[in-house]
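Engineer: Attaching a single structure in structure tokens format; questions to follow.
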Amino acid sequence: MPRAYGFRHADRDFYTSLRFSAGGTVAITSTAQFAAGPFTISAWVWPDSFAAEQTIIGSATANAPVVKITTGGQVSLSLAGGATIATSVGGLQPREWAHVAVRYDAGATRFFINGEDAGAANTAGAFVQASSMTVALSAGSAICELAAHASALTQDAVRSMFYMGAMGAPVMRFRFADAVGSVASDAAGSGSGAITSCSFAPWLVPTAPRLMPRAMGSVRLSAATDYIGLIGANAYSSRFNGSAKIMMAGWARIHTGGILVCSRGGTVRGYLQSGNNTSFGVFRSQDADTGQGAANARHFFNTPRQWHFCATVADFENDTVTNYVNGVAFDRQSVAFGAGALNLTSGDLRIGQDSNGTGGIVGLVGPIYVCGGNITNQMVRDLYLTGKVPSVDKVAYWDMTGRSGTAVTQGGNLSDMGATLVGGAAWSLEVPL
């Protein structure tokens, strides 16, 4: 099932993940009691590879429960310092998010992957409780929403966790939503985790499928020369002039980075740029009257071939630019626009390429939005979470829902000037849900 990454829909909690470098660990000190009787341990994991075993949760305390990812991409349950109790039948995929859960009750072990049964075994283990635990994934791997329940959850409950987030009352829950610092907090209040050689990654977070008010589609750009352009739109960019704020936002699954949205008139332009190894989100605009310009660059994500929602909002009254990834405002910088409102000269608008024919994206482009007016943080969040378009003065968006032909339909409250697929741009069935 296609999946987007970021803000989870149902429980309305923000998440970040924790990404591991070589030798990275989380040393957990906890008062949570979950191993003396039935228990369920669950987590979202993103294994970079299966070159070595990885510990989702473990302990130096003999006979404490240990949950690992094996070199075969399976999930295992074992006794610390002892034998493996059971191994899942289903496996994980490298560089893809999966929700894993291990349930143990009176000698019966059952595994779940993405809410589905992934095998069972009836080998008993005499588990003991440990107050000191460790998470140790391989370099490049990530973890999110690590939880433990002091009960044997049903499959329906595990499925609910997969689709809707936290379920019931976990005795230990690390959301890794701290975003900064070297300590991860336990949302269940049982302890904390000391972080070594890991970093918070707000751009690399799983979410369950969401219900959207409109259909969503995508366009595949197979070469840097492919793009989506407006027909005869030489006056398009000036349609947003006079706006106190302008937002450029969109969904993209990038293989090779470049310009996601660009509105240009001569040397004057506003654009949102997105990429992978040289990833940054940019809003750049030059005022046609005063010559004042602003450029804002910040790392968005470094995980190519995954769906992300990125947005940038330029505030011309307060001289700031704010970047968002997956609904979260994570960077704001002061700029010097000077004029108090956007004032672009007439120019066209392209999606997937700069207006001068450079900086093309290779990958998938989902719905794209350009809005002018009083854009708020909540509007950006709602746009990511539910697809709700901001209620502002000037709105144009393209849902990319075509299946044949080259015409790309525009929504919003501005007249449709017409857009078309150019070059090898083609409709795709993949969607950011």
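Each chain in the structure tokens gets a letter, A, B, ..., in the order shown, and its residues are numbered from 1; ligands are numbered from 1 in order too.
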Quick one: residues within 9 Å of Gln93 (chain A), only C-alpha atoms, excluding same-chain residues fewer than 2 positions away - as an MDAnalysis selection string?
Structural biologist: chainID A and resid 46:49 73 91 95:98
Engineer: Kindly export the residues of the current selection with N, CA and C atoms, as a compact mmCIF listing (two decimals), in the first residue's frame.
Structural biologist:
```
# COMPACT_ATOMS: atom_id res chain seq x y z
N TRP A 46 13.00 1.35 9.87
CA TRP A 46 13.44 1.62 8.50
C TRP A 46 14.87 1.10 8.38
N PRO A 47 15.04 -0.19 8.05
CA PRO A 47 16.38 -0.76 7.98
C PRO A 47 17.09 -0.32 6.70
N ASP A 48 18.26 0.27 6.86
CA ASP A 48 19.01 0.69 5.68
C ASP A 48 19.51 -0.51 4.88
N SER A 49 19.87 -1.58 5.59
CA SER A 49 20.30 -2.82 4.96
C SER A 49 20.18 -3.94 5.99
N GLY A 73 16.41 -10.17 7.22
CA GLY A 73 15.30 -9.22 7.15
C GLY A 73 14.07 -9.65 7.92
N GLY A 91 9.04 -11.06 6.15
CA GLY A 91 10.26 -10.29 6.24
C GLY A 91 10.05 -8.82 5.94
N ARG A 95 15.27 -0.12 3.37
CA ARG A 95 14.96 1.27 3.04
C ARG A 95 13.46 1.48 2.80
N GLU A 96 12.65 0.70 3.53
CA GLU A 96 11.21 0.91 3.54
C GLU A 96 10.71 0.82 4.98
N TRP A 97 9.75 1.70 5.32
CA TRP A 97 9.17 1.65 6.66
C TRP A 97 8.29 0.42 6.83
N ALA A 98 8.36 -0.16 8.01
CA ALA A 98 7.46 -1.26 8.37
C ALA A 98 7.12 -1.15 9.86
```
Engineer: Just want the 8 Å neighbourhood of Asp399 (chain A), counted on only C-alpha atoms, with same-chain residues fewer than 4 positions away dropped. Output as a PDB file with C-alpha atoms, in the first residue's frame.
Structural biologist:
```
ATOM      1  CA  ALA A 215      -8.439  12.321  -5.488  1.00  0.00           C
ATOM      2  CA  MET A 216      -4.662  12.589  -5.732  1.00  0.00           C
ATOM      3  CA  GLY A 217      -2.389  11.478  -8.534  1.00  0.00           C
ATOM      4  CA  SER A 218       1.144  11.961  -9.755  1.00  0.00           C
ATOM      5  CA  GLY A 366       2.238  14.746  -6.775  1.00  0.00           C
ATOM      6  CA  PRO A 367      -0.226  17.580  -6.070  1.00  0.00           C
ATOM      7  CA  ILE A 368       1.308  21.066  -6.271  1.00  0.00           C
ATOM      8  CA  THR A 409      -6.447  20.364 -14.675  1.00  0.00           C
ATOM      9  CA  GLN A 410      -6.087  23.290 -12.281  1.00  0.00           C
ATOM     10  CA  GLY A 411      -8.190  23.811  -9.153  1.00  0.00           C
TER      11      GLY A 411
END
```
Engineer: DSSP on the backbone: what in region 49-166 of chain A comes out alpha helix (DSSP H), as a list in words?
Structural biologist: Gln155, Asp156, Ala157, Val158, Arg159, Ser160, Met161, Phe162, Tyr163 and Met164 of chain A
Engineer: Save out the residues we just selected, C-alpha atoms, as a PDB file, in the first residue's frame.
Structural biologist:
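Output contents, as saved in again37.pdb:
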```pdb
ATOM      1  CA  GLN A 155      -4.264  -8.513  16.061  1.00  0.00           C
ATOM      2  CA  ASP A 156      -7.033  -5.913  15.801  1.00  0.00           C
ATOM      3  CA  ALA A 157      -5.223  -3.784  18.375  1.00  0.00           C
ATOM      4  CA  VAL A 158      -1.932  -4.130  16.483  1.00  0.00           C
ATOM      5  CA  ARG A 159      -3.688  -3.187  13.251  1.00  0.00           C
ATOM      6  CA  SER A 160      -5.090  -0.133  14.997  1.00  0.00           C
ATOM      7  CA  MET A 161      -1.553   0.866  15.978  1.00  0.00           C
ATOM      8  CA  PHE A 162      -0.463   0.462  12.378  1.00  0.00           C
ATOM      9  CA  TYR A 163      -3.301   2.579  10.999  1.00  0.00           C
ATOM     10  CA  MET A 164      -3.934   5.057  13.802  1.00  0.00           C
TER      11      MET A 164
END
```
Engineer: Quick one: everything within 7 Å of Val362 (chain A), counting only C-alpha atoms, minus sequence neighbours fewer than 2 positions away in the same chain. Send it as number ranges by chain.
Structural biologist: A: 221-224, 254-257, 360
Engineer: So that I can check the surroundings of Gly37 (chain A), please list as an NGL selection string every protein, DNA and RNA residue that reaches within 9 Å of it, counting only C-alpha atoms and ignoring chain neighbours fewer than 5 positions away.
Structural biologist: :A and (104-106 or 127-128 or 150-151)
Engineer: Dump N, CA and C atoms for the selected residues as a CSV table (one decimal), in the first residue's frame?
Structural biologist:
```csv
chain,number,residue,atom,x,y,z
A,104,TYR,N,4.1,-11.8,23.2
A,104,TYR,CA,4.4,-13.0,23.9
A,104,TYR,C,3.5,-13.2,25.1
A,105,ASP,N,3.0,-14.5,25.2
A,105,ASP,CA,2.0,-14.8,26.3
A,105,ASP,C,2.1,-16.3,26.6
A,106,ALA,N,2.7,-16.6,27.8
A,106,ALA,CA,2.7,-18.0,28.3
A,106,ALA,C,3.3,-19.0,27.3
A,127,PHE,N,11.2,-15.0,30.7
A,127,PHE,CA,11.7,-13.6,30.6
A,127,PHE,C,11.7,-12.9,32.0
A,128,VAL,N,12.7,-12.0,32.1
A,128,VAL,CA,12.7,-11.2,33.3
A,128,VAL,C,12.7,-9.7,32.9
A,150,ALA,N,2.1,-4.0,28.6
A,150,ALA,CA,2.2,-5.1,29.5
A,150,ALA,C,1.0,-6.0,29.4
A,151,SER,N,0.7,-6.4,28.1
A,151,SER,CA,-0.4,-7.3,27.8
A,151,SER,C,-0.2,-7.8,26.4
```
Engineer: May I ask which of the residues A:Ile69, A:Leu18, A:Ala311, A:Val171 is the closest one to Ala184 (chain A), counting only C-alpha atoms?
Structural biologist: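 Smallest distance to Ala184 (chain A) is found for A:Leu18.
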Engineer: For Thr84 (chain A), work out the shell of residues within 12 Å, counting only C-alpha atoms and skipping chain neighbours fewer than 6 positions away, then give it as a list in words.
Structural biologist: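 Answer for this query is Asn63, Ala64, Pro65, Val66, Val67, Lys68, Thr70, Val75, Ser76, Leu77, Ser78, Thr109, Ala121, Thr123, Ala124, Gly125, Ala126 and Phe127 of chain A.
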Engineer: Residues within 8 Å of Ser88 (chain A), please, as a PDB file with N, CA and C atoms, in the first residue's frame. Count only C-alpha atoms; anything in the same chain fewer than 4 positions from it doesn't count.
Structural biologist:
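See out.pdb below for the written result:
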```
ATOM      1  N   GLN A  74      14.229 -10.636   8.823  1.00  0.00           N
ATOM      2  CA  GLN A  74      13.112 -11.079   9.649  1.00  0.00           C
ATOM      3  C   GLN A  74      13.182 -10.425  11.028  1.00  0.00           C
ATOM      4  N   VAL A  75      12.152 -10.650  11.825  1.00  0.00           N
ATOM      5  CA  VAL A  75      12.098 -10.147  13.199  1.00  0.00           C
ATOM      6  C   VAL A  75      12.203 -11.342  14.127  1.00  0.00           C
ATOM      7  N   SER A  76      13.020 -11.221  15.175  1.00  0.00           N
ATOM      8  CA  SER A  76      13.208 -12.335  16.101  1.00  0.00           C
ATOM      9  C   SER A  76      12.988 -11.888  17.536  1.00  0.00           C
ATOM     10  N   ARG A 110       3.881 -14.453  18.789  1.00  0.00           N
ATOM     11  CA  ARG A 110       3.307 -14.154  17.476  1.00  0.00           C
ATOM     12  C   ARG A 110       3.880 -12.828  16.979  1.00  0.00           C
ATOM     13  N   PHE A 111       4.182 -12.793  15.672  1.00  0.00           N
ATOM     14  CA  PHE A 111       4.735 -11.602  15.041  1.00  0.00           C
ATOM     15  C   PHE A 111       3.696 -10.963  14.125  1.00  0.00           C
ATOM     16  N   ALA A 118       2.552 -12.485  10.920  1.00  0.00           N
ATOM     17  CA  ALA A 118       3.832 -12.818  10.304  1.00  0.00           C
ATOM     18  C   ALA A 118       4.470 -14.024  10.977  1.00  0.00           C
ATOM     19  N   GLY A 119       3.639 -14.940  11.488  1.00  0.00           N
ATOM     20  CA  GLY A 119       4.170 -16.184  12.033  1.00  0.00           C
ATOM     21  C   GLY A 119       4.052 -16.295  13.539  1.00  0.00           C
ATOM     22  N   ALA A 120       4.090 -17.554  14.023  1.00  0.00           N
ATOM     23  CA  ALA A 120       3.944 -17.815  15.459  1.00  0.00           C
ATOM     24  C   ALA A 120       4.811 -19.004  15.834  1.00  0.00           C
TER      25      ALA A 120
END
```
Engineer: Mind pulling up the distance from CA of Gly115 (chain A) to CA of Gly72 (chain A)?
Structural biologist: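 These atoms are spaced 20.1 Å apart.
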